[in-house]
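Listing of upload_36.cif; format and content: mmCIF, C-alpha atoms.
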data_work
loop_
_atom_site.group_PDB
_atom_site.id
_atom_site.type_symbol
_atom_site.label_atom_id
_atom_site.label_comp_id
_atom_site.auth_asym_id
_atom_site.auth_seq_id
_atom_site.Cartn_x
_atom_site.Cartn_y
_atom_site.Cartn_z
ATOM 1 C CA MET A 12 -9.286 -18.902 12.488
ATOM 2 C CA ILE A 13 -6.892 -21.233 10.701
ATOM 3 C CA PRO A 14 -3.945 -22.261 12.891
ATOM 4 C CA LYS A 15 -0.626 -20.713 11.937
ATOM 5 C CA GLU A 16 0.957 -23.995 10.819
ATOM 6 C CA THR A 17 -2.008 -24.735 8.553
ATOM 7 C CA GLU A 18 -1.742 -21.236 7.117
ATOM 8 C CA TYR A 19 1.888 -21.797 6.265
ATOM 9 C CA GLU A 20 1.070 -25.148 4.636
ATOM 10 C CA LEU A 21 -1.666 -23.485 2.611
ATOM 11 C CA VAL A 22 0.652 -20.734 1.407
ATOM 12 C CA ARG A 23 3.348 -23.242 0.515
ATOM 13 C CA SER A 24 0.888 -25.362 -1.462
ATOM 14 C CA VAL A 25 -0.270 -22.317 -3.453
ATOM 15 C CA LEU A 26 3.347 -21.368 -4.123
ATOM 16 C CA ASN A 27 3.964 -24.919 -5.311
ATOM 17 C CA GLY A 28 1.254 -24.553 -7.948
ATOM 18 C CA GLU A 29 -1.963 -25.615 -6.204
ATOM 19 C CA LYS A 30 -3.690 -22.399 -7.213
ATOM 20 C CA GLU A 31 -7.201 -23.549 -6.269
ATOM 21 C CA ARG A 32 -6.267 -23.811 -2.600
ATOM 22 C CA PHE A 33 -5.997 -20.045 -2.546
ATOM 23 C CA ALA A 34 -9.812 -20.007 -2.330
ATOM 24 C CA ILE A 35 -9.535 -21.265 1.265
ATOM 25 C CA ILE A 36 -7.497 -18.197 2.207
ATOM 26 C CA VAL A 37 -10.022 -15.924 0.486
ATOM 27 C CA LYS A 38 -12.968 -17.499 2.337
ATOM 28 C CA GLU A 39 -11.156 -17.236 5.658
ATOM 29 C CA TYR A 40 -10.153 -13.584 5.462
ATOM 30 C CA GLN A 41 -12.631 -11.846 3.191
ATOM 31 C CA GLU A 42 -15.010 -10.768 5.953
ATOM 32 C CA ILE A 43 -12.204 -9.307 8.050
ATOM 33 C CA VAL A 44 -10.839 -7.413 5.059
ATOM 34 C CA ASN A 45 -14.366 -6.241 4.151
ATOM 35 C CA ASN A 46 -15.006 -4.829 7.641
ATOM 36 C CA LEU A 47 -11.632 -3.122 7.841
ATOM 37 C CA SER A 48 -12.073 -1.671 4.358
ATOM 38 C CA TYR A 49 -15.521 -0.330 5.203
ATOM 39 C CA LYS A 50 -14.198 1.353 8.342
ATOM 40 C CA LEU A 51 -11.519 3.065 6.279
ATOM 41 C CA VAL A 52 -13.314 3.940 3.013
ATOM 42 C CA GLY A 53 -16.807 4.495 4.359
ATOM 43 C CA ASN A 54 -18.969 2.944 1.667
ATOM 44 C CA LYS A 55 -19.810 -0.626 0.737
ATOM 45 C CA LEU A 56 -19.119 -0.391 -3.005
ATOM 46 C CA ASP A 57 -15.564 0.832 -2.536
ATOM 47 C CA ALA A 58 -15.072 -1.673 0.281
ATOM 48 C CA GLU A 59 -16.083 -4.572 -1.985
ATOM 49 C CA GLU A 60 -13.758 -3.359 -4.696
ATOM 50 C CA VAL A 61 -10.953 -3.192 -2.145
ATOM 51 C CA VAL A 62 -11.610 -6.754 -1.002
ATOM 52 C CA GLN A 63 -11.277 -8.126 -4.526
ATOM 53 C CA GLN A 64 -8.143 -6.122 -5.241
ATOM 54 C CA VAL A 65 -6.561 -7.197 -1.962
ATOM 55 C CA PHE A 66 -6.859 -10.888 -2.723
ATOM 56 C CA VAL A 67 -5.653 -10.562 -6.302
ATOM 57 C CA GLU A 68 -2.709 -8.553 -4.970
ATOM 58 C CA LEU A 69 -2.182 -11.113 -2.202
ATOM 59 C CA TYR A 70 -1.913 -13.907 -4.733
ATOM 60 C CA THR A 71 0.797 -12.171 -6.749
ATOM 61 C CA SER A 72 2.597 -11.044 -3.579
ATOM 62 C CA LEU A 73 2.730 -14.454 -1.917
ATOM 63 C CA PRO A 74 6.388 -15.048 -2.895
ATOM 64 C CA ARG A 75 7.255 -12.069 -0.662
ATOM 65 C CA PHE A 76 5.511 -13.536 2.377
ATOM 66 C CA ARG A 77 7.964 -14.219 5.180
ATOM 67 C CA PHE A 78 6.964 -17.247 7.106
ATOM 68 C CA GLU A 79 8.018 -15.694 10.428
ATOM 69 C CA SER A 80 5.120 -13.237 10.519
ATOM 70 C CA LYS A 81 1.388 -13.855 10.593
ATOM 71 C CA LEU A 82 -0.489 -14.154 7.314
ATOM 72 C CA SER A 83 -3.150 -11.823 8.742
ATOM 73 C CA THR A 84 -0.569 -9.041 9.225
ATOM 74 C CA PHE A 85 0.573 -9.517 5.622
ATOM 75 C CA ILE A 86 -3.032 -9.302 4.416
ATOM 76 C CA TYR A 87 -3.683 -6.196 6.493
ATOM 77 C CA ARG A 88 -0.593 -4.561 5.022
ATOM 78 C CA ILE A 89 -1.806 -5.240 1.490
ATOM 79 C CA THR A 90 -5.255 -3.903 2.443
ATOM 80 C CA PHE A 91 -3.706 -0.705 3.760
ATOM 81 C CA ASN A 92 -1.658 -0.288 0.571
ATOM 82 C CA VAL A 93 -4.648 -0.897 -1.717
ATOM 83 C CA ILE A 94 -6.769 1.641 0.172
ATOM 84 C CA THR A 95 -3.904 4.155 0.235
ATOM 85 C CA LYS A 96 -3.703 3.902 -3.572
ATOM 86 C CA MET A 97 -7.466 4.349 -3.794
ATOM 87 C CA LEU A 98 -7.738 7.312 -1.428
ATOM 88 C CA GLY A 99 -4.315 8.867 -1.943
ATOM 89 C CA LYS A 100 -1.738 9.188 0.815
ATOM 90 C CA ASN A 101 -3.554 12.036 2.511
ATOM 91 C CA GLY A 102 -6.827 10.220 2.264
ATOM 92 C CA ARG A 103 -10.237 11.721 2.080
ATOM 93 C CA TYR A 104 -12.847 12.211 4.721
ATOM 94 C CA VAL A 105 -15.416 9.465 4.763
ATOM 95 C CA SER A 106 -19.055 9.636 5.631
ATOM 96 C CA TYR A 107 -20.495 6.494 7.121
ATOM 97 C CA ASP A 108 -24.045 5.464 6.463
ATOM 98 C CA ASN A 109 -25.709 6.673 9.654
ATOM 99 C CA THR A 110 -28.895 4.738 9.072
ATOM 100 C CA ILE A 111 -27.097 1.545 9.876
ATOM 101 C CA LEU A 112 -26.472 2.442 13.503
ATOM 102 C CA GLU A 113 -27.229 -0.578 15.584
ATOM 103 C CA ASN A 114 -30.194 -0.477 17.875
ATOM 104 C CA ARG A 115 -28.748 -0.293 21.329
ATOM 105 C CA PRO A 116 -30.507 0.700 24.503
ATOM 106 C CA SER A 117 -29.352 4.242 24.941
ATOM 107 C CA GLY A 118 -31.398 5.739 27.745
ATOM 108 C CA PRO A 119 -34.530 5.231 29.771
ATOM 109 C CA THR A 120 -36.386 8.197 28.317
ATOM 110 C CA ALA A 121 -37.121 9.041 24.712
ATOM 111 C CA GLU A 122 -35.265 12.334 25.059
ATOM 112 C CA GLU A 123 -32.154 10.621 26.401
ATOM 113 C CA LYS A 124 -32.318 8.089 23.598
ATOM 114 C CA ILE A 125 -32.445 10.846 20.997
ATOM 115 C CA MET A 126 -29.548 12.680 22.640
ATOM 116 C CA LYS A 127 -27.513 9.508 22.804
ATOM 117 C CA GLU A 128 -28.174 8.686 19.162
ATOM 118 C CA GLU A 129 -27.203 12.236 18.175
ATOM 119 C CA GLN A 130 -24.006 11.877 20.192
ATOM 120 C CA ARG A 131 -23.225 8.655 18.344
ATOM 121 C CA ARG A 132 -23.817 10.248 14.939
ATOM 122 C CA LYS A 133 -21.529 13.100 15.863
ATOM 123 C CA LEU A 134 -18.832 10.701 17.051
ATOM 124 C CA ARG A 135 -19.145 8.588 13.939
ATOM 125 C CA GLN A 136 -18.830 11.693 11.788
ATOM 126 C CA ALA A 137 -15.773 12.754 13.782
ATOM 127 C CA ILE A 138 -14.130 9.371 13.165
ATOM 128 C CA GLY A 139 -14.829 9.766 9.451
ATOM 129 C CA ASN A 140 -13.319 13.255 9.543
ATOM 130 C CA LEU A 141 -9.984 12.048 10.869
ATOM 131 C CA LYS A 142 -7.087 12.006 8.448
ATOM 132 C CA TYR A 143 -6.715 8.643 6.757
ATOM 133 C CA GLU A 144 -3.501 7.596 8.541
ATOM 134 C CA GLN A 145 -4.867 8.596 11.951
ATOM 135 C CA ARG A 146 -8.128 6.760 11.320
ATOM 136 C CA THR A 147 -6.246 3.657 10.165
ATOM 137 C CA ALA A 148 -3.986 3.559 13.215
ATOM 138 C CA LEU A 149 -6.927 4.129 15.573
ATOM 139 C CA VAL A 150 -9.074 1.449 13.921
ATOM 140 C CA LEU A 151 -6.279 -1.112 14.010
ATOM 141 C CA PHE A 152 -5.638 -0.285 17.650
ATOM 142 C CA THR A 153 -9.210 -0.296 18.938
ATOM 143 C CA TYR A 154 -11.044 -2.724 16.659
ATOM 144 C CA ASP A 155 -8.410 -5.224 15.688
ATOM 145 C CA GLU A 156 -6.538 -4.782 18.983
ATOM 146 C CA PHE A 157 -3.210 -4.686 17.254
ATOM 147 C CA THR A 158 -0.120 -3.821 19.231
ATOM 148 C CA TYR A 159 1.814 -0.718 18.248
ATOM 149 C CA ASN A 160 4.475 -2.944 16.689
ATOM 150 C CA GLU A 161 1.915 -4.772 14.574
ATOM 151 C CA ILE A 162 0.393 -1.473 13.449
ATOM 152 C CA ALA A 163 3.860 -0.237 12.500
ATOM 153 C CA GLU A 164 4.363 -3.382 10.424
ATOM 154 C CA VAL A 165 0.999 -3.009 8.673
ATOM 155 C CA MET A 166 1.425 0.692 7.924
ATOM 156 C CA GLN A 167 5.165 0.374 7.269
ATOM 157 C CA VAL A 168 6.016 3.256 9.549
ATOM 158 C CA SER A 169 8.094 3.613 12.687
ATOM 159 C CA LEU A 170 6.807 2.831 16.151
ATOM 160 C CA SER A 171 7.037 6.470 17.157
ATOM 161 C CA LYS A 172 4.952 7.457 14.152
ATOM 162 C CA VAL A 173 2.237 5.003 15.257
ATOM 163 C CA GLU A 174 2.249 6.478 18.770
ATOM 164 C CA SER A 175 1.987 9.949 17.303
ATOM 165 C CA LEU A 176 -0.847 8.983 14.950
ATOM 166 C CA ILE A 177 -2.935 7.420 17.711
ATOM 167 C CA PHE A 178 -2.257 10.289 20.099
ATOM 168 C CA ARG A 179 -3.296 12.859 17.481
ATOM 169 C CA ALA A 180 -6.338 10.814 16.472
ATOM 170 C CA LYS A 181 -7.603 10.757 20.050
ATOM 171 C CA LYS A 182 -6.832 14.436 20.523
ATOM 172 C CA ASN A 183 -8.599 15.440 17.319
ATOM 173 C CA LEU A 184 -11.652 13.368 18.210
ATOM 174 C CA ARG A 185 -11.918 15.099 21.588
ATOM 175 C CA LYS A 186 -11.630 18.457 19.877
ATOM 176 C CA MET A 187 -14.320 17.641 17.324
ATOM 177 C CA MET A 188 -16.710 16.429 20.006
ATOM 178 C CA GLU A 189 -16.486 19.598 22.094
ATOM 179 C CA MET B 24 -10.800 14.253 34.164
ATOM 180 C CA LYS B 25 -8.962 11.019 33.411
ATOM 181 C CA GLN B 26 -12.143 9.122 34.104
ATOM 182 C CA ASP B 27 -14.018 11.282 31.564
ATOM 183 C CA TYR B 28 -11.233 10.657 29.063
ATOM 184 C CA ASP B 29 -11.388 6.907 29.617
ATOM 185 C CA ILE B 30 -15.162 6.915 29.236
ATOM 186 C CA PHE B 31 -14.824 8.908 26.027
ATOM 187 C CA MET B 32 -12.200 6.525 24.596
ATOM 188 C CA ASN B 33 -14.379 3.557 25.473
ATOM 189 C CA GLU B 34 -17.200 5.177 23.519
ATOM 190 C CA VAL B 35 -14.846 5.733 20.583
ATOM 191 C CA ALA B 36 -13.733 2.116 20.652
ATOM 192 C CA GLU B 37 -17.312 0.923 20.879
ATOM 193 C CA GLU B 38 -18.384 3.120 17.971
ATOM 194 C CA ILE B 39 -15.505 1.922 15.797
ATOM 195 C CA ARG B 40 -16.541 -1.659 16.531
ATOM 196 C CA THR B 41 -20.078 -0.943 15.390
ATOM 197 C CA ILE B 42 -18.963 0.561 12.090
ATOM 198 C CA ALA B 43 -19.460 -2.689 10.245
ATOM 199 C CA ALA B 44 -19.945 -3.256 6.549
ATOM 200 C CA PRO B 45 -23.673 -3.340 5.757
ATOM 201 C CA LYS B 46 -23.593 -6.820 4.320
ATOM 202 C CA GLN B 47 -21.341 -9.801 4.186
ATOM 203 C CA VAL B 48 -19.473 -10.364 0.969
ATOM 204 C CA ASP B 49 -18.311 -13.452 -0.820
ATOM 205 C CA VAL B 50 -15.726 -12.566 -3.409
ATOM 206 C CA THR B 51 -14.190 -16.058 -3.624
ATOM 207 C CA ASP B 52 -15.615 -16.890 -7.033
ATOM 208 C CA ALA B 53 -14.886 -13.425 -8.424
ATOM 209 C CA VAL B 54 -11.291 -13.535 -7.194
ATOM 210 C CA MET B 55 -10.623 -17.070 -8.433
ATOM 211 C CA ASP B 56 -12.198 -16.244 -11.818
ATOM 212 C CA ALA B 57 -10.028 -13.140 -12.056
ATOM 213 C CA LEU B 58 -6.923 -15.169 -11.302
ATOM 214 C CA ARG B 59 -7.865 -17.818 -13.868
ATOM 215 C CA ASN B 60 -8.985 -15.414 -16.603
ATOM 216 C CA LYS B 61 -5.995 -13.166 -16.281
ATOM 217 C CA ALA B 62 -3.919 -16.309 -16.598
ATOM 218 C CA VAL B 63 -1.888 -15.100 -13.674
ATOM 219 C CA MET B 64 1.058 -17.416 -13.422
ATOM 220 C CA ALA B 65 1.656 -19.322 -10.279
ATOM 221 C CA PRO B 66 3.442 -16.903 -8.026
ATOM 222 C CA GLN B 67 7.151 -17.421 -8.252
ATOM 223 C CA ARG B 68 10.192 -15.561 -7.165
ATOM 224 C CA GLU B 69 11.500 -13.160 -9.784
ATOM 225 C CA GLY B 70 14.991 -13.855 -11.001
ATOM 226 C CA PHE B 71 17.280 -13.079 -13.869
ATOM 227 C CA THR B 72 15.620 -12.378 -17.195
ATOM 228 C CA TRP B 73 17.206 -11.375 -20.463
ATOM 229 C CA LYS B 74 14.842 -8.458 -20.709
ATOM 230 C CA LYS B 75 16.098 -7.072 -17.394
ATOM 231 C CA ALA B 76 19.695 -7.621 -18.501
ATOM 232 C CA MET B 77 19.194 -5.742 -21.785
ATOM 233 C CA VAL B 78 17.452 -2.883 -20.009
ATOM 234 C CA GLY B 79 20.398 -2.667 -17.616
ATOM 235 C CA VAL B 80 22.961 -2.613 -20.432
ATOM 236 C CA ALA B 81 21.000 0.032 -22.333
ATOM 237 C CA ALA B 82 20.778 2.150 -19.196
ATOM 238 C CA CYS B 83 24.547 1.933 -18.655
ATOM 239 C CA LEU B 84 25.241 2.938 -22.254
ATOM 240 C CA LEU B 85 22.888 5.900 -22.006
ATOM 241 C CA ILE B 86 24.521 7.042 -18.788
ATOM 242 C CA ALA B 87 27.984 6.730 -20.336
ATOM 243 C CA LEU B 88 26.810 8.694 -23.373
ATOM 244 C CA ALA B 89 25.289 11.399 -21.194
ATOM 245 C CA VAL B 90 28.483 11.711 -19.147
ATOM 246 C CA ASN B 91 30.602 12.011 -22.260
ATOM 247 C CA ILE B 92 28.329 14.568 -23.837
ATOM 248 C CA SER B 93 28.347 16.684 -20.695
ATOM 249 C CA ARG B 94 32.152 16.505 -20.507
ATOM 250 C CA PHE B 95 32.314 17.411 -24.179
ATOM 251 C CA ILE B 96 30.146 20.450 -23.651
ATOM 252 C CA SER B 97 31.810 21.572 -20.416
ATOM 253 C CA ASN B 98 35.243 21.451 -22.044
ATOM 254 C CA GLY B 99 34.119 24.501 -24.034
ATOM 255 C CA TYR B 100 34.248 23.092 -27.498
ATOM 256 C CA ASP B 101 38.000 22.775 -27.481
ATOM 257 C CA ASP B 102 38.886 22.407 -31.142
ATOM 258 C CA ALA B 103 42.261 20.968 -30.301
ATOM 259 C CA ALA B 104 40.684 18.251 -28.212
ATOM 260 C CA ILE B 105 38.265 17.436 -31.011
ATOM 261 C CA ASP B 106 41.124 17.290 -33.486
ATOM 262 C CA ASN B 107 43.027 14.981 -31.177
ATOM 263 C CA MET B 108 40.039 12.751 -30.774
ATOM 264 C CA PHE B 109 39.480 12.383 -34.479
ATOM 265 C CA ALA B 110 43.188 12.075 -35.126
ATOM 266 C CA GLU B 111 43.255 9.130 -32.758
ATOM 267 C CA LEU B 112 40.323 7.616 -34.602
ATOM 268 C CA TYR B 113 42.100 8.198 -37.869
ATOM 269 C CA ASP B 114 45.257 6.541 -36.548
ATOM 270 C CA TYR B 115 43.161 3.696 -35.240
ATOM 271 C CA GLY B 116 41.642 3.253 -38.660
ATOM 272 C CA ASP B 117 45.047 3.216 -40.319
ATOM 273 C CA GLN B 118 46.453 0.820 -37.765
ATOM 274 C CA TYR B 119 43.696 -1.697 -38.123
ATOM 275 C CA GLY B 120 43.344 -1.526 -41.870
ATOM 276 C CA GLY B 121 40.394 0.800 -42.059
ATOM 277 C CA GLY B 122 42.003 2.862 -44.771
ATOM 278 C CA ASP B 123 41.099 6.377 -45.597
ATOM 279 C CA TYR B 124 37.928 7.343 -43.836
ATOM 280 C CA GLY B 125 37.932 10.637 -45.595
ATOM 281 C CA TYR B 126 38.402 12.769 -42.472
ATOM 282 C CA GLU B 127 39.114 16.344 -43.365
ATOM 283 C CA ASP B 128 41.330 18.772 -41.608
ATOM 284 C CA PHE B 129 39.125 19.592 -38.669
ATOM 285 C CA SER B 130 41.276 22.380 -37.362
ATOM 286 C CA SER B 131 40.027 24.558 -40.178
ATOM 287 C CA MET B 132 36.443 23.908 -39.321
ATOM 288 C CA SER B 133 34.453 25.335 -36.571
ATOM 289 C CA TYR B 134 31.502 23.223 -35.608
ATOM 290 C CA PHE B 135 29.998 25.180 -32.849
ATOM 291 C CA GLU B 136 29.762 28.675 -34.191
#

Show me this structure written as structure tokens.
Amino acid sequence: MIPKETEYELVRSVLNGEKERFAIIVKEYQEIVNNLSYKLVGNKLDAEEVVQQVFVELYTSLPRFRFESKLSTFIYRITFNVITKMLGKNGRYVSYDNTILENRPSGPTAEEKIMKEEQRRKLRQAIGNLKYEQRTALVLFTYDEFTYNEIAEVMQVSLSKVESLIFRAKKNLRKMME
Amino acid sequence: MKQDYDIFMNEVAEEIRTIAAPKQVDVTDAVMDALRNKAVMAPQREGFTWKKAMVGVAACLLIALAVNISRFISNGYDDAAIDNMFAELYDYGDQYGGGDYGYEDFSSMSYFE
């Protein structure tokens, strides 16, 4: 990860006309944006499209970047906005590619392994069935380990809304897994 | 119960972590090409432009026109008010050398029948 001061220098140099230095920012963050996008849109083609759009949007939005916050938060916010435009505010349910489940030891017996894998598929489907905003808040909280304040900044909502989204996401997941 | 809940949430967190994009991407060249080909200008803060100023002036004029039209209509087609308005225009024309604009006697005319 690029140190914060170096990030700021990079942004300033791009704003001063050194356009080619923007490639460094793209290389640094593209994988993170790709993974987040895939978790939210559910398929690799859309995720790749999102990644490209995010960085083009980032370039034109750089004048709005406030140097007090982290560049990563700014990038996440743009990612959220690009995906919201793609899916619509209410989002659509996503269906993850279940064949890409990692091989993890999931039980000593074959039967237990099958049950465990079935449980995982069901859970993955439940995550994909969450409403877009709930899924986003939950992903940012669990995967990216964002604080509630950071999530509020990314999603441009209030802190209480973030708490509500995560609470409802967890509740709905429990309900779907019963 | 809480323990079950915690176990469940750990499973959720673990599953979310494993939902990874199937392959790594490298969009650097595509993005930089897009920025070059679109001839996107170096990002700069937006400021005053003549286009924005003209749009603003046009908007103000349209609003003023709309307000006047609505007042005109809501006054109930008062012929006397119309006569006064044109009379003032007529006087204005005389005063500033506009001469005879050929205005007729509007009180005998009814525009909005």

Write out as a ChimeraX atom specification every residue belonging to chain B that has an atom at most 10 Å from any atom of chain A, counting only C-alpha atoms. /B:28,31-55,57-59,63-69

Go ahead and save the residues from that selection, with C-alpha atoms, as a PDB file, keeping the file's coordinate frame.
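Produced file result.pdb, reproduced below:
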ATOM      1  CA  TYR B  28     -11.233  10.657  29.063  1.00  0.00           C
ATOM      2  CA  PHE B  31     -14.824   8.908  26.027  1.00  0.00           C
ATOM      3  CA  MET B  32     -12.200   6.525  24.596  1.00  0.00           C
ATOM      4  CA  ASN B  33     -14.379   3.557  25.473  1.00  0.00           C
ATOM      5  CA  GLU B  34     -17.200   5.177  23.519  1.00  0.00           C
ATOM      6  CA  VAL B  35     -14.846   5.733  20.583  1.00  0.00           C
ATOM      7  CA  ALA B  36     -13.733   2.116  20.652  1.00  0.00           C
ATOM      8  CA  GLU B  37     -17.312   0.923  20.879  1.00  0.00           C
ATOM      9  CA  GLU B  38     -18.384   3.120  17.971  1.00  0.00           C
ATOM     10  CA  ILE B  39     -15.505   1.922  15.797  1.00  0.00           C
ATOM     11  CA  ARG B  40     -16.541  -1.659  16.531  1.00  0.00           C
ATOM     12  CA  THR B  41     -20.078  -0.943  15.390  1.00  0.00           C
ATOM     13  CA  ILE B  42     -18.963   0.561  12.090  1.00  0.00           C
ATOM     14  CA  ALA B  43     -19.460  -2.689  10.245  1.00  0.00           C
ATOM     15  CA  ALA B  44     -19.945  -3.256   6.549  1.00  0.00           C
ATOM     16  CA  PRO B  45     -23.673  -3.340   5.757  1.00  0.00           C
ATOM     17  CA  LYS B  46     -23.593  -6.820   4.320  1.00  0.00           C
ATOM     18  CA  GLN B  47     -21.341  -9.801   4.186  1.00  0.00           C
ATOM     19  CA  VAL B  48     -19.473 -10.364   0.969  1.00  0.00           C
ATOM     20  CA  ASP B  49     -18.311 -13.452  -0.820  1.00  0.00           C
ATOM     21  CA  VAL B  50     -15.726 -12.566  -3.409  1.00  0.00           C
ATOM     22  CA  THR B  51     -14.190 -16.058  -3.624  1.00  0.00           C
ATOM     23  CA  ASP B  52     -15.615 -16.890  -7.033  1.00  0.00           C
ATOM     24  CA  ALA B  53     -14.886 -13.425  -8.424  1.00  0.00           C
ATOM     25  CA  VAL B  54     -11.291 -13.535  -7.194  1.00  0.00           C
ATOM     26  CA  MET B  55     -10.623 -17.070  -8.433  1.00  0.00           C
ATOM     27  CA  ALA B  57     -10.028 -13.140 -12.056  1.00  0.00           C
ATOM     28  CA  LEU B  58      -6.923 -15.169 -11.302  1.00  0.00           C
ATOM     29  CA  ARG B  59      -7.865 -17.818 -13.868  1.00  0.00           C
ATOM     30  CA  VAL B  63      -1.888 -15.100 -13.674  1.00  0.00           C
ATOM     31  CA  MET B  64       1.058 -17.416 -13.422  1.00  0.00           C
ATOM     32  CA  ALA B  65       1.656 -19.322 -10.279  1.00  0.00           C
ATOM     33  CA  PRO B  66       3.442 -16.903  -8.026  1.00  0.00           C
ATOM     34  CA  GLN B  67       7.151 -17.421  -8.252  1.00  0.00           C
ATOM     35  CA  ARG B  68      10.192 -15.561  -7.165  1.00  0.00           C
ATOM     36  CA  GLU B  69      11.500 -13.160  -9.784  1.00  0.00           C
TER      37      GLU B  69
END

Please report the interatomic distance between CA of Ser106 (chain A) and CA of Gly139 (chain A) in Å with one decimal.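 Distance reported for this atom pair: 5.7 Å.
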
Point-to-point distance in Å for CA of Lys142 (chain A) and CA of Met97 (chain A):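 If I compute the distance from CA of Met97 (chain A) to CA of Lys142 (chain A), I get 14.4 Å.
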
Between CA of Glu161 (chain A) and CA of Thr84 (chain A), what distance in Å does the model show, to one decimal?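 Going from CA of Glu161 (chain A) over to CA of Thr84 (chain A), I get 7.3 Å.
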
Considering all atoms listed in the file, return as an MDAnalysis selection string whatever protein or nucleic-acid residues lie within 10 Å of Glu164 (chain A), sequence-local ones (same chain, fewer than 3 positions apart) excluded. chainID A and resid 80 84:85 87:88 158:161 167:170 173

Distance criterion (all atoms listed in the file): nearest to Leu98 (chain A) out of A:Glu79, A:Tyr143, A:Lys127, A:Leu21: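 Of A:Glu79, A:Tyr143, A:Lys127, A:Leu21, the one nearest Leu98 (chain A) is A:Tyr143, counting all atoms listed in the file.
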
Output region 178-183 of chain A as a PDB file, in the coordinates of the input, making sure all heavy atoms are there.
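For reference, out_22.pdb as written:
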ATOM      1  N   PHE A 178      -2.117   9.164  19.171  1.00  0.00           N
ATOM      2  CA  PHE A 178      -2.257  10.289  20.099  1.00  0.00           C
ATOM      3  C   PHE A 178      -3.036  11.425  19.422  1.00  0.00           C
ATOM      4  O   PHE A 178      -3.975  11.979  19.985  1.00  0.00           O
ATOM      5  CB  PHE A 178      -0.874  10.767  20.547  1.00  0.00           C
ATOM      6  CG  PHE A 178      -0.909  12.020  21.372  1.00  0.00           C
ATOM      7  CD1 PHE A 178      -1.285  11.982  22.700  1.00  0.00           C
ATOM      8  CD2 PHE A 178      -0.591  13.255  20.808  1.00  0.00           C
ATOM      9  CE1 PHE A 178      -1.340  13.147  23.459  1.00  0.00           C
ATOM     10  CE2 PHE A 178      -0.638  14.419  21.562  1.00  0.00           C
ATOM     11  CZ  PHE A 178      -1.009  14.362  22.892  1.00  0.00           C
ATOM     12  N   ARG A 179      -2.639  11.745  18.196  1.00  0.00           N
ATOM     13  CA  ARG A 179      -3.296  12.859  17.481  1.00  0.00           C
ATOM     14  C   ARG A 179      -4.730  12.500  17.108  1.00  0.00           C
ATOM     15  O   ARG A 179      -5.614  13.352  17.120  1.00  0.00           O
ATOM     16  CB  ARG A 179      -2.501  13.239  16.232  1.00  0.00           C
ATOM     17  CG  ARG A 179      -1.328  14.158  16.556  1.00  0.00           C
ATOM     18  CD  ARG A 179      -0.711  14.775  15.327  1.00  0.00           C
ATOM     19  NE  ARG A 179       0.418  13.989  14.907  1.00  0.00           N
ATOM     20  CZ  ARG A 179       0.722  13.730  13.635  1.00  0.00           C
ATOM     21  NH1 ARG A 179      -0.016  14.188  12.669  1.00  0.00           N
ATOM     22  NH2 ARG A 179       1.772  13.003  13.344  1.00  0.00           N
ATOM     23  N   ALA A 180      -4.969  11.240  16.811  1.00  0.00           N
ATOM     24  CA  ALA A 180      -6.338  10.814  16.472  1.00  0.00           C
ATOM     25  C   ALA A 180      -7.248  11.035  17.676  1.00  0.00           C
ATOM     26  O   ALA A 180      -8.341  11.607  17.562  1.00  0.00           O
ATOM     27  CB  ALA A 180      -6.352   9.349  16.054  1.00  0.00           C
ATOM     28  N   LYS A 181      -6.797  10.610  18.830  1.00  0.00           N
ATOM     29  CA  LYS A 181      -7.603  10.757  20.050  1.00  0.00           C
ATOM     30  C   LYS A 181      -7.815  12.239  20.364  1.00  0.00           C
ATOM     31  O   LYS A 181      -8.923  12.666  20.710  1.00  0.00           O
ATOM     32  CB  LYS A 181      -6.915  10.071  21.228  1.00  0.00           C
ATOM     33  CG  LYS A 181      -6.917   8.547  21.141  1.00  0.00           C
ATOM     34  CD  LYS A 181      -6.172   7.945  22.319  1.00  0.00           C
ATOM     35  CE  LYS A 181      -6.156   6.442  22.265  1.00  0.00           C
ATOM     36  NZ  LYS A 181      -5.367   5.839  23.362  1.00  0.00           N
ATOM     37  N   LYS A 182      -6.747  12.999  20.208  1.00  0.00           N
ATOM     38  CA  LYS A 182      -6.832  14.436  20.523  1.00  0.00           C
ATOM     39  C   LYS A 182      -7.815  15.129  19.582  1.00  0.00           C
ATOM     40  O   LYS A 182      -8.647  15.938  20.008  1.00  0.00           O
ATOM     41  CB  LYS A 182      -5.433  15.035  20.387  1.00  0.00           C
ATOM     42  CG  LYS A 182      -5.295  16.458  20.865  1.00  0.00           C
ATOM     43  CD  LYS A 182      -3.858  16.920  20.730  1.00  0.00           C
ATOM     44  CE  LYS A 182      -3.787  18.429  20.802  1.00  0.00           C
ATOM     45  NZ  LYS A 182      -2.499  18.967  20.373  1.00  0.00           N
ATOM     46  N   ASN A 183      -7.716  14.807  18.302  1.00  0.00           N
ATOM     47  CA  ASN A 183      -8.599  15.440  17.319  1.00  0.00           C
ATOM     48  C   ASN A 183     -10.059  15.046  17.524  1.00  0.00           C
ATOM     49  O   ASN A 183     -10.966  15.850  17.333  1.00  0.00           O
ATOM     50  CB  ASN A 183      -8.157  15.080  15.893  1.00  0.00           C
ATOM     51  CG  ASN A 183      -6.885  15.798  15.501  1.00  0.00           C
ATOM     52  OD1 ASN A 183      -6.568  16.852  16.045  1.00  0.00           O
ATOM     53  ND2 ASN A 183      -6.130  15.219  14.583  1.00  0.00           N
TER      54      ASN A 183
END
